[in-house]
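Asks: A single structure is presented below for examination.
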Amino acid sequence: MVSGVLANVVSNLASNLLSELAASVLGPTSIALAVGGIVGFVVYEVRRRRAERDVDPEPTDVLTTPAAGAPNLPYTAEFTGRGEHVEAVVALLSREHAVAVLGRRAVGTSACAVAAANLCRDDFPDGQYYLDLRRHGRPRSAQQVLTALARILGTAPPTSGRPDALVAAADAVRGQLDGRRILLVLDNVDRPDQVRPLLPPTARTCRLLLAGGPALTGLKGVVAHWIAEPGTSEAVELFATAGGAAPAARVRRADPRTDPAVRDIVDLCGRQPRTVRALGYRTAQHGWRHADVLDALRRAVQTPPHQRLAVSPAARLITERDTAYRSLSREARRLYRVMSLIPAPVDRPTIAALAGRHPERVTALLDQLAAGAFVVGAPGDRYEIRPLLADSARLHLRDADPVRARVAAQARLTRHLARRAERHAANLAVLGAPPDREWSLPLDDDPYGWFDLHQELLLAVVRVPSGAAETLPRRVRRWWFRLAVALCGWLAYAERLDEWEQVCRTVLATPTADDRPEIAGWAHNELGVLRRRRHDPHGAAAALTLAVNERGRGGTAQARMNLGLALLDLGQLDDAVEHLEMSRRHRSGADRAGHALTDLGLGAAQLARGELDSAHHHLVRAANTFRSVGDARGYAAALTNLVLVHAGLGEHLDAAQAWRAALREYESVNDPTSRATALLNAGATLLTSTPGQARVAYDLLAESRRLREETQPTAGLARTLLYLGDACTALGEHADARRHWADAATVAEEVADGQALAAADARLDNDAADRVT
């Protein structure tokens with residue numbers, strides 16, 4: 001027969017060619033060669049297809065196919081696990097007239113329902129009928145379902161798809177089933193309208209068993225039984241059972257049931273029964289080592305999306321056998337894939353930006369993904385891929401989307417997050433930013449709540465995997481760096497120092513930091529500020545020196561100011577003033593906040609040098625500027641230093657007004673360390689200027705100590721304890737005074753504050769001498 005077909009093909013082709021010979025440039029020899037090539041191709045294609053038919057398929061289907069056109073209930077082949085679910089369905093069928101086995105597609109609802117129906121065969125002697133409501137991958141309509149049932153039961157089919165015709169046909173089906181012990185299994189029910197005309201079923205001996213997805217939830221007259229993906233142990237058993245059905249391979253392999261790598265493999269497959277069986281069969285057939293399969297799958301999942309990687313046969317098999325994924329619309333599949341780039345829950349605007357789609361369209365697609373149990377909701381109207389499916393989603397992304405598409409989605413995500421983070425970080429500055437950082441970003445509202453809600457996502461995007469920071473695509477780097485800058489602003493505000501340092505280290509690891517010194521300078525400036533927060537002035541000075549050498553003119557002003565503050569902490573007053581003066585010269589005239597920060601630093605340095613008039617001038621100017629730009633924290637810091645200036649000048653009334661105003665400002669600013677400093681200055685000023693206010697001074701100093709003891713010991717804690725002892729002396733509580741001075745000496749020695757240590761020792765010596773006298 002094949003030779004006859006080939007002969008007809010060749011003769012027809014030759015006739016067509018010869019009839020057009022006059023208009024052709026082919027000669028007779030060329031015609032013979034063309035005909036011969038066609039014959040060879042046809043023979044090769046027939047042999048190839050015959051060879052494909054001879055290859056044994058993988059046992060991915062657990063239902064035996066009934067004879068063509070037969071409504072007989074199929075049996076389950078290689079059915080493993082789900083014993084408790086099968087027993088539960090059998091128990092429901094014994095007392096309920098309609099039962100639905102529900103779960104996401106490809107999770108095993110069909111196998112569970114058919115296994116339960118087979119156990120009940122003896123209870124339904126009048127027949128067990130099976131109908132698949134998904135034909136050639138497409139769901140049947142209600143009219144087609146009733147037509148097929150009418151053919152099985154011998155009733156009249158619906159004359160049309162109108163509601164009255166469907167109701168009449170359904171009543172005929174009920175009349176045929178009523179009073180008979182029949183089990184009717186309707187498999188792959190995708191939509192409620194496919195079976196709604198049959199509900200509620202007959203109330204006598206017939207039973208209706210449905211198998212479908214979550215869309216069937218809430219059907220009237222139907223009792224639902226839910227199943228999820230099999231557990232890890234059940235999935236391993238599926239893997240091993242499928243492998244046992246494969247032809248024996250030449251390579252000896254470990255028992256899948258005892259190999260721990262198999263447990264990780266089935267989890268990477270999302271524990272989808274069809275996929276697990278196919279991979280178990282193929283692994284046994286080819287003799288693949290389980291460790292090699294696991295390594296290939298992990299590399300496909302964990303390799304950054306912007307890096308190229310050849311897709312392994314195991315990974316391709318998983319994507320090809322994912323029937324639940326194939327059932328989604330094209331747009332929903334794409335959204336599911338790109339959402340695998342998001343390592344944490346995310347809100348709808350971010351998903352819309354990632355996918356490059358209108359938010360309303362994204363909402364509809366998310367509803368489709370949620371109905372198929374691909375995504376789940378999270379607090380704050382956010383969504384994420386189910387953790388069990390996250391790895392398989394990454395496999396689909398690598399299989400279906402080229403590198404340029406993945407990079408484009410990654411760039412859209414990073415740009416969107418960077419812009420939003422910048423707006424919210426700017427609002428943190430209005431609420432009060434640390435005086436050693438600078439801000440110049442637009443405003444938005446609720447900054448802390450936004451960062452707190454999305455912190456997991458932001459940190460995951462910025463903390464690129466190990467080795468990926470060095471290969472970030474160029475179109476992603478710019479927005480990624482801007483996101484890192486804004487995120488560091490929030491981490492500094494929230495005093496999350498370890499994460500702040502980690503982000504800075506990641507920035508330094510990128511190629512951009514090597515190509516652009518100003519970016520490396522920014523990172524070193526952040527690290528310098530961070531080390532000052534950790535009370536490491538030597539490390540801060542070293543990092544800030546690098547920042548001064550690497551940053552441009554505008555960045556140098558900020559780095560020099562921070563370097564001046566670090567040198568001030570080290571007691572190098574002249575060098576500190578020099579760098580602060582240079583910082584002021586480098587500042588732009590329009591940078592009012594920057595000039596205020598520099599004036600604040602100069603005022604503190606000149607106060608330490610005893611130049612009270614100059615310190616007063618710079619601190620008053622800083623306070624006025626901070627107040628005009630709305631920086632409450634900077635204004636409070638300037639007032640805190642002015643307390644000491646006024647006290648040194650003998651202006652005790654002005655000093656009292658300054659510390660009261662400073663404390664009022666700190667009530668609206670989340671900065672416990674600076675508030676503790678203001679309380680210390682206020683208490684010390686009261687003790688030296690108004691002896692009658694010793695009790696008020698003690699209360700202020702006690703509150704300062706409480707705030708400082710919540711963090712690691714510092715020089716400020718030592719000085720607070722020192723003045724607490726003085727306050728106790730003024731109150732006549734000498735035992736408490738000695739205890740506070742001894743604690744002050746201990747802390748001062750721990751933090752290497754020689755001046756405070758000497759003062760504490762002197763007070764203890766004087767007190768001992770007084771007691772001897």
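Residues are named by chain letter and number: chains run A, B, ... in the order of the structure tokens, numbers start at 1 in each chain, and ligands are numbered from 1 in the order shown.
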Going by DSSP on the backbone, which bits of segment 109-345 of chain A are strand (DSSP E or B)? Write them as an NGL selection string, please.

Replies: :A and (128-132 or 134-135 or 138-139 or 183-189 or 207-212 or 223-226)

Asks: Could you save those same residues with C-alpha atoms as an mmCIF file, in the first residue's frame?

Replies:
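File produced: part_37.cif:
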data_model
loop_
_atom_site.group_PDB
_atom_site.id
_atom_site.type_symbol
_atom_site.label_atom_id
_atom_site.label_comp_id
_atom_site.auth_asym_id
_atom_site.auth_seq_id
_atom_site.Cartn_x
_atom_site.Cartn_y
_atom_site.Cartn_z
ATOM 1 C CA GLN A 128 -20.901 1.909 35.695
ATOM 2 C CA TYR A 129 -20.522 4.484 32.951
ATOM 3 C CA TYR A 130 -17.670 6.858 32.270
ATOM 4 C CA LEU A 131 -17.655 10.001 30.167
ATOM 5 C CA ASP A 132 -14.684 12.302 29.580
ATOM 6 C CA ARG A 134 -12.729 17.058 27.636
ATOM 7 C CA ARG A 135 -12.488 15.954 24.013
ATOM 8 C CA ARG A 138 -11.329 21.113 24.558
ATOM 9 C CA PRO A 139 -14.194 21.077 27.081
ATOM 10 C CA LEU A 183 -22.757 4.901 38.809
ATOM 11 C CA LEU A 184 -22.128 7.712 36.343
ATOM 12 C CA VAL A 185 -18.576 9.134 36.350
ATOM 13 C CA LEU A 186 -18.070 12.471 34.596
ATOM 14 C CA ASP A 187 -14.371 13.194 34.292
ATOM 15 C CA ASN A 188 -12.475 16.430 33.508
ATOM 16 C CA VAL A 189 -15.336 18.776 34.300
ATOM 17 C CA ARG A 207 -24.881 8.052 41.948
ATOM 18 C CA LEU A 208 -23.101 10.882 40.124
ATOM 19 C CA LEU A 209 -19.326 11.201 40.572
ATOM 20 C CA LEU A 210 -17.558 14.271 39.158
ATOM 21 C CA ALA A 211 -13.850 14.965 38.807
ATOM 22 C CA GLY A 212 -12.781 18.522 38.077
ATOM 23 C CA VAL A 223 -20.638 17.225 48.080
ATOM 24 C CA ALA A 224 -17.024 18.194 47.356
ATOM 25 C CA HIS A 225 -13.912 16.316 48.393
ATOM 26 C CA TRP A 226 -10.651 18.216 47.878
#

Asks: Identify all residues of segment 168-324 of chain A in alpha helix (DSSP H) (DSSP on the backbone) and supply them as a PyMOL selection string.

Replies: chain A and resi 168-177+232-244+260-268+273-286+290-302+313-320+323-324

Asks: Quick one: residues within 8 Å of Val577 of chain A, only C-alpha atoms, excluding same-chain residues fewer than 6 positions away - as a PyMOL selection string?

Replies: chain A and resi 564+602+605-606

Asks: May I have the selected residues written with C-alpha atoms, as a PDB file, in the first residue's frame?

Replies:
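Written out: result_5.pdb:
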ATOM      1  CA  GLY A 564      35.107  65.516  59.179  1.00  0.00           C
ATOM      2  CA  LEU A 602      31.265  72.853  62.016  1.00  0.00           C
ATOM      3  CA  ALA A 605      33.718  70.820  65.938  1.00  0.00           C
ATOM      4  CA  GLN A 606      34.147  74.424  67.112  1.00  0.00           C
TER       5      GLN A 606
END

Asks: Give me the residues within 10 Å of Glu710 of chain A as a ChimeraX atom specification, counting only C-alpha atoms and dropping any in the same chain fewer than 5 places off.

Replies: /A:672-673,705

Asks: Which residues come within 12 Å of Ala576 of chain A, counting only C-alpha atoms, excluding same-chain residues fewer than 3 positions away, as a PDB file with N, CA and C atoms, in the first residue's frame?

Replies:
ATOM      1  N   ALA A 541      36.622  56.469  59.267  1.00  0.00           N
ATOM      2  CA  ALA A 541      37.569  57.377  58.621  1.00  0.00           C
ATOM      3  C   ALA A 541      38.240  56.713  57.431  1.00  0.00           C
ATOM      4  N   ARG A 560      33.302  64.420  52.395  1.00  0.00           N
ATOM      5  CA  ARG A 560      34.200  65.215  53.254  1.00  0.00           C
ATOM      6  C   ARG A 560      33.510  65.603  54.555  1.00  0.00           C
ATOM      7  N   MET A 561      32.225  65.924  54.483  1.00  0.00           N
ATOM      8  CA  MET A 561      31.530  66.254  55.716  1.00  0.00           C
ATOM      9  C   MET A 561      31.498  65.061  56.665  1.00  0.00           C
ATOM     10  N   ASN A 562      31.183  63.870  56.124  1.00  0.00           N
ATOM     11  CA  ASN A 562      31.158  62.686  56.969  1.00  0.00           C
ATOM     12  C   ASN A 562      32.549  62.348  57.499  1.00  0.00           C
ATOM     13  N   LEU A 563      33.586  62.566  56.664  1.00  0.00           N
ATOM     14  CA  LEU A 563      34.953  62.341  57.127  1.00  0.00           C
ATOM     15  C   LEU A 563      35.295  63.306  58.249  1.00  0.00           C
ATOM     16  N   GLY A 564      34.870  64.555  58.110  1.00  0.00           N
ATOM     17  CA  GLY A 564      35.107  65.516  59.179  1.00  0.00           C
ATOM     18  C   GLY A 564      34.454  65.093  60.479  1.00  0.00           C
ATOM     19  N   LEU A 565      33.223  64.538  60.403  1.00  0.00           N
ATOM     20  CA  LEU A 565      32.550  64.066  61.612  1.00  0.00           C
ATOM     21  C   LEU A 565      33.271  62.870  62.229  1.00  0.00           C
ATOM     22  N   ALA A 566      33.794  61.969  61.366  1.00  0.00           N
ATOM     23  CA  ALA A 566      34.539  60.829  61.896  1.00  0.00           C
ATOM     24  C   ALA A 566      35.818  61.284  62.588  1.00  0.00           C
ATOM     25  N   LEU A 567      36.514  62.265  61.986  1.00  0.00           N
ATOM     26  CA  LEU A 567      37.724  62.801  62.628  1.00  0.00           C
ATOM     27  C   LEU A 567      37.385  63.521  63.924  1.00  0.00           C
ATOM     28  N   LEU A 568      36.212  64.150  63.967  1.00  0.00           N
ATOM     29  CA  LEU A 568      35.768  64.784  65.209  1.00  0.00           C
ATOM     30  C   LEU A 568      35.573  63.736  66.301  1.00  0.00           C
ATOM     31  N   ASP A 569      35.027  62.563  65.920  1.00  0.00           N
ATOM     32  CA  ASP A 569      34.887  61.484  66.891  1.00  0.00           C
ATOM     33  C   ASP A 569      36.241  61.011  67.407  1.00  0.00           C
ATOM     34  N   LEU A 570      37.260  61.086  66.535  1.00  0.00           N
ATOM     35  CA  LEU A 570      38.601  60.649  66.930  1.00  0.00           C
ATOM     36  C   LEU A 570      39.360  61.717  67.705  1.00  0.00           C
ATOM     37  N   GLY A 571      38.768  62.884  67.835  1.00  0.00           N
ATOM     38  CA  GLY A 571      39.431  63.961  68.547  1.00  0.00           C
ATOM     39  C   GLY A 571      40.414  64.757  67.709  1.00  0.00           C
ATOM     40  N   GLN A 572      40.463  64.527  66.394  1.00  0.00           N
ATOM     41  CA  GLN A 572      41.350  65.271  65.492  1.00  0.00           C
ATOM     42  C   GLN A 572      40.603  66.521  65.018  1.00  0.00           C
ATOM     43  N   LEU A 573      40.543  67.510  65.892  1.00  0.00           N
ATOM     44  CA  LEU A 573      39.654  68.647  65.680  1.00  0.00           C
ATOM     45  C   LEU A 573      40.082  69.505  64.506  1.00  0.00           C
ATOM     46  N   HIS A 579      38.230  69.573  56.841  1.00  0.00           N
ATOM     47  CA  HIS A 579      37.383  68.835  55.902  1.00  0.00           C
ATOM     48  C   HIS A 579      35.967  69.409  55.858  1.00  0.00           C
ATOM     49  N   LEU A 580      35.464  69.870  56.982  1.00  0.00           N
ATOM     50  CA  LEU A 580      34.130  70.467  56.989  1.00  0.00           C
ATOM     51  C   LEU A 580      34.105  71.771  56.213  1.00  0.00           C
ATOM     52  N   GLU A 581      35.156  72.559  56.318  1.00  0.00           N
ATOM     53  CA  GLU A 581      35.241  73.805  55.541  1.00  0.00           C
ATOM     54  C   GLU A 581      35.306  73.500  54.046  1.00  0.00           C
ATOM     55  N   MET A 582      36.081  72.503  53.663  1.00  0.00           N
ATOM     56  CA  MET A 582      36.161  72.122  52.255  1.00  0.00           C
ATOM     57  C   MET A 582      34.818  71.582  51.771  1.00  0.00           C
ATOM     58  N   SER A 583      34.121  70.873  52.641  1.00  0.00           N
ATOM     59  CA  SER A 583      32.793  70.381  52.263  1.00  0.00           C
ATOM     60  C   SER A 583      31.854  71.535  51.972  1.00  0.00           C
ATOM     61  N   THR A 598      26.500  70.732  56.978  1.00  0.00           N
ATOM     62  CA  THR A 598      27.892  71.161  57.165  1.00  0.00           C
ATOM     63  C   THR A 598      28.003  72.150  58.319  1.00  0.00           C
ATOM     64  N   GLY A 601      27.936  70.248  61.542  1.00  0.00           N
ATOM     65  CA  GLY A 601      29.217  69.632  61.851  1.00  0.00           C
ATOM     66  C   GLY A 601      30.258  70.646  62.295  1.00  0.00           C
ATOM     67  N   LEU A 602      30.310  71.812  61.624  1.00  0.00           N
ATOM     68  CA  LEU A 602      31.265  72.853  62.016  1.00  0.00           C
ATOM     69  C   LEU A 602      30.958  73.368  63.418  1.00  0.00           C
ATOM     70  N   GLY A 603      29.691  73.541  63.729  1.00  0.00           N
ATOM     71  CA  GLY A 603      29.324  74.003  65.063  1.00  0.00           C
ATOM     72  C   GLY A 603      29.763  73.022  66.133  1.00  0.00           C
ATOM     73  N   ALA A 604      29.578  71.700  65.867  1.00  0.00           N
ATOM     74  CA  ALA A 604      29.997  70.689  66.844  1.00  0.00           C
ATOM     75  C   ALA A 604      31.509  70.676  67.000  1.00  0.00           C
ATOM     76  N   ALA A 605      32.258  70.826  65.859  1.00  0.00           N
ATOM     77  CA  ALA A 605      33.718  70.820  65.938  1.00  0.00           C
ATOM     78  C   ALA A 605      34.241  72.039  66.692  1.00  0.00           C
ATOM     79  N   GLN A 606      33.678  73.211  66.423  1.00  0.00           N
ATOM     80  CA  GLN A 606      34.147  74.424  67.112  1.00  0.00           C
ATOM     81  C   GLN A 606      33.725  74.428  68.582  1.00  0.00           C
ATOM     82  N   ALA A 608      33.703  71.703  70.355  1.00  0.00           N
ATOM     83  CA  ALA A 608      34.717  70.849  70.970  1.00  0.00           C
ATOM     84  C   ALA A 608      36.035  71.586  71.137  1.00  0.00           C
ATOM     85  N   ARG A 609      36.352  72.544  70.233  1.00  0.00           N
ATOM     86  CA  ARG A 609      37.598  73.328  70.356  1.00  0.00           C
ATOM     87  C   ARG A 609      37.451  74.485  71.331  1.00  0.00           C
TER      88      ARG A 609
END

Asks: If you measure from atom CA of Ala169 of chain A to atom CA of Asn72 of chain A, what distance in Å do you get, rounded to one decimal?

Replies: 21.6 Å

Asks: With only C-alpha atoms as the counted atoms, please give the residues lying no more than 10 Å from Glu526 of chain A, apart from itself and same-chain residues fewer than 5 positions off, as a list in words.

Replies: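 Those residues are Asp436, Arg437, Val485, Cys488, Gly489, Ala492, Trp500, Glu501, Val503, Cys504, Ala520, Gly521, Arg531, Arg532, Ala540, Ala543, Leu544, Ala547, Ala559 and Asn562 of chain A.
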
Asks: Neighbouring residues of Ala400 of chain A were defined as those with any atom within 9 Å, considering only C-alpha atoms; residues of the same chain fewer than 3 positions away were excluded. Please report them as a PyMOL selection string.

Replies: chain A and resi 334+337+395-397

Asks: Work out how far apart atom CA of His618 of chain A and atom CA of Leu600 of chain A are and give it in Å to one decimal.

Replies: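 Spanning atom CA of His618 of chain A to atom CA of Leu600 of chain A is a straight-line distance of 6.5 Å.
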
Asks: Measuring atom to atom with only C-alpha atoms, identify which of A:Thr217, A:Ser614, A:Ser674, A:Ser312 is nearest to Ala100 of chain A.

Replies: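 Using only C-alpha atoms, Ala100 of chain A sits closest to A:Thr217.
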